[in-house]
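Worksheet: the structure to be examined is printed underneath.
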Amino acid sequence: MRAEPISCLRPAPGKAASFASLPYDVFDRAQARSYVTSHPTSFLRIDRPETNFAPEQDMYAPEVYAKAAELLRARAQDGTLLDDRTPCYYLYRLEQGGRAQTGVVCACSVDEYQDDTIRRHENTTAAKEEDRVKHIRATGAQTGPIFLTYPDNVALDALVKAASCATPLYDFTDGQGVRQTVWRVARPAAVEAFRATFATVPHAYVADGHHRAASAVRVGVERRRARTDDGERASDLFLAVLFPASQLKVLAYNRVVADLNGHSPRQLMDLMRQVGHVVGTSAPAASVPREHGRVGMYLDGAWHELELSQADVNPADPVSRLDAQVLQESVLAPLLGIDDPRTSERIRFVGGIEGSGRLEELAGPEGVAFSLYPTSVDELMAVSDAGLLMPPKSTWFEPKLRSGLFIRRI
């Protein structure tokens with residue numbers, strides 16, 4: 001695969017900690033507005049430009065995206081952002097709770113996304129993709145890196161270890177307690193070593209950022225169609241961070257359904273037993289599943305352990321083996337009426353980092369929550385290698401990459 005060095009806008013070292021922000025899509029509109037109010041110099045003002053307008057403003061209006069472009073130019077002019085025009089790699093390490101993951105910041109190929117060298121496991125939604133397309137068009141930049149992973153590679157591990165012995169460019173701890181460390185790799189021999197070694201990696205996988213990836217690719221394709229020459233342009237590549245698979249931590253992505261689809265709690269449990277699931281007695285510990293095939297279910301004010309029936313699982317089909325898929329096919333669709341979880345307004349997805357208390361709060365007395373065992377990186381790769389798609393919101397990677405540390409103009 002191709003993993004090319006980048007030139008970019010990046011924060012001045014003294015401003016990185018206050019400028020970098022969590023990705024745009026971890027906030028709902030109210031949360032984004034609140035965050036920008038308390039962090040007025042944050043990159044989120046650019047990433048979520050509707051926060052600069054009144055709450056009733058159409059967040060997808062042209063003037064909103066124009067504001068993002070205006071603010072980006074302003075930060076490049078006032079010294080917040082430096083213009084680093086030397087193509088180089090960056091190493092990006094995130095440390096949380098005693099574990100670390102170190103990725104290589106680079107530019108990956110639009111063509112390789114399209115030919116399945118870079119593999120994905122989720123569909124995107126049209127509205128979310130269109131939002132990021134408009135943001136890229138307006139700013140002329142890729143502002144949020146796509147989180148990719150690759151099978152562990154001893155040679156790349158050695159290159160990363162050697163390069164991270166230098167003095168870091170940035171080193172700060174963010175508001176979530178995650179230590180963020182960045183090194184710049186610009187020496188020509190080191191740059192060529194990284195490029196050549198990544199060329200031995202057969203595939204990478206989109207771990208997080210499917211909408212950012214699809215949007216960057218879409219803009220790249222439309223720009224290619226609009227030009228008459230065949231030379232490569234910046235838009236033929238997209239901003240990414242590549243991490244070795246063994247370093248990643250995946251949390252569960254849980255489900256909350258707002259109502260019981262006309263059933264009483266007892267009726268719902270009886271129906272689950274009829275389709276072959278085993279419903280355990282009430283126990284607080286059931287909120288955290290112990291292993292694959294078990295799900296915590298919060299219903300009628302109590303947690304129950306749900307042991308999923310494997311009767312309809314096809315060992316040759318990596319999607320059918322996923323707990324999220326078994327739950328969708330045997331409970332959410334037939335019993336709770338969630339036929340399309342991507343469009344239903346009755347279901348909500350909750351990252352595992354929010355804990356069981358958040359699930360209880362959202363389910364309340366009328367709904368039901370399901371706490372899943374985390375999907376593994378191996379399962380993600382197996383689904384992607386088979387050319388299949390996971391159920392929506394099957395993986396929650398933690399910690400999240402910060403946006404605003406690397407802004408790649410196209």
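Quick note on naming: the chains in the structure tokens go A, B, ... in the order shown, residues restart at 1 in each chain, and ligands are numbered from 1 in order of appearance.
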
Pull the closest atom pair for each residue of stretch 148-189 of chain A that gets at most 10 Å from stretch 244-262 of chain A, along with the distance in Å to one decimal, counting only C-alpha atoms, ordering rows by chain and then ascending residue number, as a tab-separated table.
residue	atom	partner	partner_atom	distance
A:Leu148	CA	A:Pro244	CA	8.7
A:Thr149	CA	A:Ala245	CA	5.5
A:Tyr150	CA	A:Pro244	CA	5.2
A:Pro151	CA	A:Ala245	CA	5.5
A:Asp152	CA	A:Pro244	CA	5.0
A:Asn153	CA	A:Pro244	CA	7.4
A:Val154	CA	A:Pro244	CA	9.9
A:Leu156	CA	A:Pro244	CA	8.9
A:Asp157	CA	A:Pro244	CA	8.4

Dump of N, CA and C atoms for the selected residues, as a PDB file, in the first residue's frame:
ATOM      1  N   LEU A 148      -6.745   4.361  10.578  1.00  0.00           N
ATOM      2  CA  LEU A 148      -6.540   3.087   9.892  1.00  0.00           C
ATOM      3  C   LEU A 148      -5.695   2.160  10.754  1.00  0.00           C
ATOM      4  N   THR A 149      -5.843   0.870  10.511  1.00  0.00           N
ATOM      5  CA  THR A 149      -4.998  -0.102  11.189  1.00  0.00           C
ATOM      6  C   THR A 149      -4.446  -1.081  10.173  1.00  0.00           C
ATOM      7  N   TYR A 150      -3.351  -1.730  10.526  1.00  0.00           N
ATOM      8  CA  TYR A 150      -2.707  -2.698   9.633  1.00  0.00           C
ATOM      9  C   TYR A 150      -2.166  -3.858  10.467  1.00  0.00           C
ATOM     10  N   PRO A 151      -2.016  -5.043   9.864  1.00  0.00           N
ATOM     11  CA  PRO A 151      -1.436  -6.172  10.607  1.00  0.00           C
ATOM     12  C   PRO A 151      -0.025  -5.820  11.073  1.00  0.00           C
ATOM     13  N   ASP A 152       0.318  -6.223  12.268  1.00  0.00           N
ATOM     14  CA  ASP A 152       1.611  -5.868  12.847  1.00  0.00           C
ATOM     15  C   ASP A 152       2.766  -6.184  11.891  1.00  0.00           C
ATOM     16  N   ASN A 153       3.760  -5.295  11.873  1.00  0.00           N
ATOM     17  CA  ASN A 153       4.880  -5.403  10.958  1.00  0.00           C
ATOM     18  C   ASN A 153       6.153  -5.079  11.745  1.00  0.00           C
ATOM     19  N   VAL A 154       7.049  -6.051  11.866  1.00  0.00           N
ATOM     20  CA  VAL A 154       8.240  -5.894  12.702  1.00  0.00           C
ATOM     21  C   VAL A 154       9.123  -4.750  12.208  1.00  0.00           C
ATOM     22  N   LEU A 156       8.232  -2.017  10.539  1.00  0.00           N
ATOM     23  CA  LEU A 156       7.625  -0.728  10.880  1.00  0.00           C
ATOM     24  C   LEU A 156       7.755  -0.437  12.370  1.00  0.00           C
ATOM     25  N   ASP A 157       7.594  -1.472  13.184  1.00  0.00           N
ATOM     26  CA  ASP A 157       7.778  -1.287  14.637  1.00  0.00           C
ATOM     27  C   ASP A 157       9.171  -0.731  14.930  1.00  0.00           C
TER      28      ASP A 157
END

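For A:Phe194, the set of protein, DNA and RNA residues having any atom at most 10 Å away, when counting only C-alpha atoms and skipping those fewer than 6 positions along the same chain, is A:Ala3, A:Glu4, A:Pro5, A:Tyr89, A:Val104, A:Ala155, A:Leu156, A:Leu159, A:Val160, A:Val185.
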
Can you write out the residues you just picked, keeping C-alpha atoms, as a short mmCIF file (atom, residue, chain, number, x, y, z; two decimals), in the first residue's frame?
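The file below, part_36.cif, is the result:
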data_model
loop_
_atom_site.label_atom_id
_atom_site.label_comp_id
_atom_site.auth_asym_id
_atom_site.auth_seq_id
_atom_site.Cartn_x
_atom_site.Cartn_y
_atom_site.Cartn_z
CA ALA A 3 1.57 5.77 2.68
CA GLU A 4 3.03 9.08 1.58
CA PRO A 5 4.62 11.88 3.67
CA TYR A 89 5.78 11.75 8.38
CA VAL A 104 2.16 7.06 11.51
CA ALA A 155 10.10 -3.56 10.34
CA LEU A 156 7.62 -0.73 10.88
CA LEU A 159 11.26 2.40 12.42
CA VAL A 160 8.68 3.85 14.81
CA VAL A 185 10.12 12.53 10.79
#

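Those residues in stretch 210-308 of chain A carrying a DSSP assignment of alpha helix (DSSP H), computed from the backbone, are His210, His211, Arg212, Ala213, Ala214, Ser215, Ala216, Val217, Arg218, Val219, Gly220, Val221, Glu222, Arg223, Arg224, Arg225, Ala226, Pro265, Arg266, Gln267, Leu268, Met269, Asp270, Leu271, Met272, Arg273 and Gln274 of chain A.
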
Got time to write the residues from that selection, C-alpha atoms, as a JSON list (two decimals), in the first residue's frame?
[["chain", "number", "residue", "atom", "x", "y", "z"],
["A", 210, "HIS", "CA", -15.72, 5.95, 7.60],
["A", 211, "HIS", "CA", -17.54, 9.21, 6.84],
["A", 212, "ARG", "CA", -14.33, 11.24, 6.75],
["A", 213, "ALA", "CA", -12.77, 8.66, 4.43],
["A", 214, "ALA", "CA", -15.75, 8.44, 2.08],
["A", 215, "SER", "CA", -16.00, 12.23, 1.92],
["A", 216, "ALA", "CA", -12.30, 12.75, 1.17],
["A", 217, "VAL", "CA", -12.46, 10.11, -1.55],
["A", 218, "ARG", "CA", -15.57, 11.65, -3.06],
["A", 219, "VAL", "CA", -13.97, 15.10, -3.26],
["A", 220, "GLY", "CA", -10.82, 13.56, -4.72],
["A", 221, "VAL", "CA", -12.79, 11.79, -7.44],
["A", 222, "GLU", "CA", -14.83, 14.86, -8.37],
["A", 223, "ARG", "CA", -11.68, 16.99, -8.61],
["A", 224, "ARG", "CA", -9.98, 14.39, -10.79],
["A", 225, "ARG", "CA", -12.93, 14.38, -13.16],
["A", 226, "ALA", "CA", -12.82, 18.17, -13.42],
["A", 265, "PRO", "CA", -41.20, -6.61, 30.08],
["A", 266, "ARG", "CA", -42.33, -10.14, 30.91],
["A", 267, "GLN", "CA", -43.67, -10.69, 27.39],
["A", 268, "LEU", "CA", -40.38, -9.51, 25.87],
["A", 269, "MET", "CA", -38.35, -11.90, 28.02],
["A", 270, "ASP", "CA", -40.71, -14.76, 27.13],
["A", 271, "LEU", "CA", -40.31, -13.97, 23.43],
["A", 272, "MET", "CA", -36.52, -14.02, 23.79],
["A", 273, "ARG", "CA", -36.67, -17.43, 25.37],
["A", 274, "GLN", "CA", -38.89, -18.64, 22.53]]

Taken to one decimal, the atom CA of A:Trp183-atom CA of A:Cys165 distance is 9.0 Å

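Going from atom CA of A:Leu389 to atom CA of A:His277 covers 24.4 Å.
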
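Taking only C-alpha atoms into account, A:Leu380 lies nearest to A:Ala207 out of the set A:Ala30, A:Leu327, A:Leu332, A:Ala207.
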
Show me, as a tab-separated table, the residues of stretch 176-228 of chain A having an atom within 10 Å of stretch 394-401 of chain A, each with the closest atom pair and its distance in Å, using only C-alpha atoms.
residue	atom	partner	partner_atom	distance
A:Gln176	CA	A:Pro399	CA	9.0
A:Gly177	CA	A:Pro399	CA	9.8
A:Val178	CA	A:Pro399	CA	7.3
A:Arg179	CA	A:Pro399	CA	10.0
A:Gln180	CA	A:Leu401	CA	9.2
A:Ala207	CA	A:Phe397	CA	7.6
A:Asp208	CA	A:Phe397	CA	7.1

Expected file: the selected residues, N, CA and C atoms, as a compact mmCIF listing (two decimals), in the first residue's frame:
# COMPACT_ATOMS: atom_id res chain seq x y z
N GLN A 176 -9.28 14.76 28.62
CA GLN A 176 -9.75 13.42 28.96
C GLN A 176 -8.65 12.58 29.62
N GLY A 177 -7.51 13.21 29.90
CA GLY A 177 -6.43 12.50 30.56
C GLY A 177 -5.58 11.66 29.62
N VAL A 178 -5.68 11.90 28.31
CA VAL A 178 -4.90 11.16 27.33
C VAL A 178 -3.64 11.96 27.00
N ARG A 179 -2.50 11.33 27.17
CA ARG A 179 -1.24 11.99 26.81
C ARG A 179 -1.07 11.91 25.29
N GLN A 180 -0.84 13.06 24.67
CA GLN A 180 -0.70 13.17 23.22
C GLN A 180 0.75 13.57 22.91
N ALA A 207 -10.53 1.71 10.74
CA ALA A 207 -10.99 1.41 12.08
C ALA A 207 -12.08 2.39 12.50
N ASP A 208 -11.81 3.68 12.29
CA ASP A 208 -12.75 4.73 12.67
C ASP A 208 -12.61 5.87 11.67

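Using only C-alpha atoms, the smallest distance between any of A:Asn123, A:Val110, A:Thr117, A:Ser320 and A:Val201 comes from A:Thr117.
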
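Near A:Gly296, within 9 Å and counting only C-alpha atoms, sit Ala285, Ala286, Ser287, Val288, Pro289, Trp303, His304, Glu305, Leu306, Glu307, Ala369, Phe370, Ser371, Leu372 and Tyr373 of chain A; same-chain residues fewer than 5 positions away were not included.
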
Which residues are near stretch 136-147 of chain A? Cut-off 7 Å, only C-alpha atoms, ignore same chain within fewer than 2 positions. Put them as JSON, numbers by chain. {"A": [65, 66, 68, 69, 132, 133, 134, 149, 206, 207, 208, 209, 212, 213, 239, 240, 241, 242, 403, 404, 406, 407, 408, 409, 410]}

Mind checking which residues fall within 10 Å of A:Val64, counting only C-alpha atoms, ignoring those fewer than 6 positions away in the same chain, and posting them as a PyMOL selection string? chain A and resi 46+48-53+57-58+70+134-135+138

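Counting only C-alpha atoms and comparing A:Met59, A:Ala382, A:Arg33, A:Ala189, the residue that lies closest to A:Ala316 is A:Ala382.
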
Residues of stretch 108-270 of chain A in strand (DSSP E or B) according to DSSP, as an MDAnalysis selection string? chainID A and resid 108:109 118:119 141:142 146:150 170:173 179:185 204:208 237:244 250:251 253:257

Spatial neighbours of A:Phe19, max dist 12 Å, only C-alpha atoms, sep filter under 2 positions, as a PDB file with N, CA and C atoms, in the first residue's frame:
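Written out: selection-v2.pdb:
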ATOM      1  N   ARG A  10      -0.143  22.974  10.977  1.00  0.00           N
ATOM      2  CA  ARG A  10      -0.175  22.339  12.297  1.00  0.00           C
ATOM      3  C   ARG A  10      -0.014  23.414  13.361  1.00  0.00           C
ATOM      4  N   PRO A  11      -0.480  23.170  14.568  1.00  0.00           N
ATOM      5  CA  PRO A  11      -0.414  24.204  15.599  1.00  0.00           C
ATOM      6  C   PRO A  11       1.015  24.556  15.985  1.00  0.00           C
ATOM      7  N   ALA A  12       1.214  25.815  16.326  1.00  0.00           N
ATOM      8  CA  ALA A  12       2.469  26.193  16.967  1.00  0.00           C
ATOM      9  C   ALA A  12       2.593  25.387  18.267  1.00  0.00           C
ATOM     10  N   PRO A  13       3.801  24.945  18.619  1.00  0.00           N
ATOM     11  CA  PRO A  13       3.946  24.044  19.771  1.00  0.00           C
ATOM     12  C   PRO A  13       3.247  24.520  21.039  1.00  0.00           C
ATOM     13  N   GLY A  14       3.254  25.795  21.324  1.00  0.00           N
ATOM     14  CA  GLY A  14       2.621  26.290  22.537  1.00  0.00           C
ATOM     15  C   GLY A  14       1.110  26.350  22.471  1.00  0.00           C
ATOM     16  N   LYS A  15       0.551  26.143  21.295  1.00  0.00           N
ATOM     17  CA  LYS A  15      -0.899  26.241  21.128  1.00  0.00           C
ATOM     18  C   LYS A  15      -1.569  24.896  20.856  1.00  0.00           C
ATOM     19  N   ALA A  16      -0.791  23.826  20.718  1.00  0.00           N
ATOM     20  CA  ALA A  16      -1.349  22.531  20.333  1.00  0.00           C
ATOM     21  C   ALA A  16      -2.385  22.032  21.339  1.00  0.00           C
ATOM     22  N   ALA A  17      -2.093  22.152  22.618  1.00  0.00           N
ATOM     23  CA  ALA A  17      -2.986  21.594  23.631  1.00  0.00           C
ATOM     24  C   ALA A  17      -4.346  22.277  23.641  1.00  0.00           C
ATOM     25  N   SER A  21      -8.771  19.184  19.295  1.00  0.00           N
ATOM     26  CA  SER A  21     -10.058  18.839  19.909  1.00  0.00           C
ATOM     27  C   SER A  21     -10.459  17.425  19.535  1.00  0.00           C
ATOM     28  N   LEU A  22     -11.408  16.903  20.273  1.00  0.00           N
ATOM     29  CA  LEU A  22     -11.985  15.610  19.917  1.00  0.00           C
ATOM     30  C   LEU A  22     -12.660  15.716  18.554  1.00  0.00           C
ATOM     31  N   VAL A  36     -17.407  24.474  22.604  1.00  0.00           N
ATOM     32  CA  VAL A  36     -16.799  25.654  21.993  1.00  0.00           C
ATOM     33  C   VAL A  36     -16.917  26.872  22.919  1.00  0.00           C
ATOM     34  N   HIS A  39     -14.208  26.328  25.330  1.00  0.00           N
ATOM     35  CA  HIS A  39     -12.890  26.211  24.695  1.00  0.00           C
ATOM     36  C   HIS A  39     -12.894  27.056  23.413  1.00  0.00           C
ATOM     37  N   PRO A  40     -12.923  28.373  23.539  1.00  0.00           N
ATOM     38  CA  PRO A  40     -13.123  29.242  22.371  1.00  0.00           C
ATOM     39  C   PRO A  40     -11.992  29.200  21.342  1.00  0.00           C
ATOM     40  N   THR A  41     -10.810  28.747  21.724  1.00  0.00           N
ATOM     41  CA  THR A  41      -9.703  28.667  20.764  1.00  0.00           C
ATOM     42  C   THR A  41      -9.566  27.277  20.155  1.00  0.00           C
ATOM     43  N   SER A  42     -10.504  26.406  20.453  1.00  0.00           N
ATOM     44  CA  SER A  42     -10.436  25.023  19.994  1.00  0.00           C
ATOM     45  C   SER A  42     -10.697  24.896  18.495  1.00  0.00           C
ATOM     46  N   PHE A  43     -10.102  23.892  17.889  1.00  0.00           N
ATOM     47  CA  PHE A  43     -10.340  23.582  16.480  1.00  0.00           C
ATOM     48  C   PHE A  43     -11.800  23.197  16.224  1.00  0.00           C
ATOM     49  N   LEU A  44     -12.533  22.801  17.270  1.00  0.00           N
ATOM     50  CA  LEU A  44     -13.926  22.414  17.059  1.00  0.00           C
ATOM     51  C   LEU A  44     -14.745  23.571  16.487  1.00  0.00           C
ATOM     52  N   ARG A  45     -14.351  24.794  16.727  1.00  0.00           N
ATOM     53  CA  ARG A  45     -15.047  25.948  16.120  1.00  0.00           C
ATOM     54  C   ARG A  45     -14.996  25.872  14.598  1.00  0.00           C
ATOM     55  N   ILE A  46     -13.920  25.304  14.060  1.00  0.00           N
ATOM     56  CA  ILE A  46     -13.765  25.139  12.619  1.00  0.00           C
ATOM     57  C   ILE A  46     -14.416  23.840  12.161  1.00  0.00           C
ATOM     58  N   ASP A  47     -14.257  22.805  12.943  1.00  0.00           N
ATOM     59  CA  ASP A  47     -14.792  21.484  12.595  1.00  0.00           C
ATOM     60  C   ASP A  47     -16.312  21.446  12.666  1.00  0.00           C
ATOM     61  N   LEU A  72     -10.376  29.054   9.482  1.00  0.00           N
ATOM     62  CA  LEU A  72      -9.128  28.356   9.197  1.00  0.00           C
ATOM     63  C   LEU A  72      -8.078  29.326   8.665  1.00  0.00           C
ATOM     64  N   ARG A  75      -6.734  31.432  11.576  1.00  0.00           N
ATOM     65  CA  ARG A  75      -5.786  30.743  12.459  1.00  0.00           C
ATOM     66  C   ARG A  75      -4.427  30.565  11.784  1.00  0.00           C
ATOM     67  N   GLY A  79      -0.892  33.073  13.648  1.00  0.00           N
ATOM     68  CA  GLY A  79       0.194  32.343  14.291  1.00  0.00           C
ATOM     69  C   GLY A  79      -0.238  31.109  15.050  1.00  0.00           C
ATOM     70  N   THR A  80      -1.543  30.849  15.131  1.00  0.00           N
ATOM     71  CA  THR A  80      -1.989  29.613  15.780  1.00  0.00           C
ATOM     72  C   THR A  80      -1.492  28.405  15.009  1.00  0.00           C
ATOM     73  N   LEU A  81      -1.567  28.488  13.670  1.00  0.00           N
ATOM     74  CA  LEU A  81      -1.138  27.391  12.811  1.00  0.00           C
ATOM     75  C   LEU A  81       0.133  27.772  12.069  1.00  0.00           C
ATOM     76  N   PHE A 172       1.571  16.757  25.390  1.00  0.00           N
ATOM     77  CA  PHE A 172       0.635  17.347  26.345  1.00  0.00           C
ATOM     78  C   PHE A 172      -0.422  16.314  26.721  1.00  0.00           C
ATOM     79  N   ASP A 174      -4.451  15.826  27.379  1.00  0.00           N
ATOM     80  CA  ASP A 174      -5.698  16.517  27.047  1.00  0.00           C
ATOM     81  C   ASP A 174      -6.704  16.455  28.189  1.00  0.00           C
ATOM     82  N   GLY A 175      -7.864  17.031  27.957  1.00  0.00           N
ATOM     83  CA  GLY A 175      -8.882  17.128  29.000  1.00  0.00           C
ATOM     84  C   GLY A 175      -9.469  15.804  29.420  1.00  0.00           C
ATOM     85  N   ARG A 402      -7.201  13.145  18.123  1.00  0.00           N
ATOM     86  CA  ARG A 402      -7.529  14.569  18.149  1.00  0.00           C
ATOM     87  C   ARG A 402      -7.514  15.148  16.737  1.00  0.00           C
ATOM     88  N   SER A 403      -8.446  16.035  16.470  1.00  0.00           N
ATOM     89  CA  SER A 403      -8.467  16.768  15.211  1.00  0.00           C
ATOM     90  C   SER A 403      -7.785  18.117  15.401  1.00  0.00           C
ATOM     91  N   GLY A 404      -7.209  18.637  14.315  1.00  0.00           N
ATOM     92  CA  GLY A 404      -6.575  19.945  14.353  1.00  0.00           C
ATOM     93  C   GLY A 404      -5.076  19.903  14.497  1.00  0.00           C
ATOM     94  N   LEU A 405      -4.486  18.746  14.820  1.00  0.00           N
ATOM     95  CA  LEU A 405      -3.045  18.653  14.930  1.00  0.00           C
ATOM     96  C   LEU A 405      -2.378  18.622  13.558  1.00  0.00           C
ATOM     97  N   PHE A 406      -3.103  18.095  12.557  1.00  0.00           N
ATOM     98  CA  PHE A 406      -2.590  17.988  11.203  1.00  0.00           C
ATOM     99  C   PHE A 406      -3.712  18.379  10.251  1.00  0.00           C
TER     100      PHE A 406
END

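Nearest-residue note for A:Thr102: choosing from A:Asp317, A:Asp323, A:Ile118, A:Lys161, the minimum distance belongs to A:Lys161, counting only C-alpha atoms.
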
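The two atoms in question, atom CA of A:Gly301 and atom CA of A:Val326, are spaced 23.9 Å apart.
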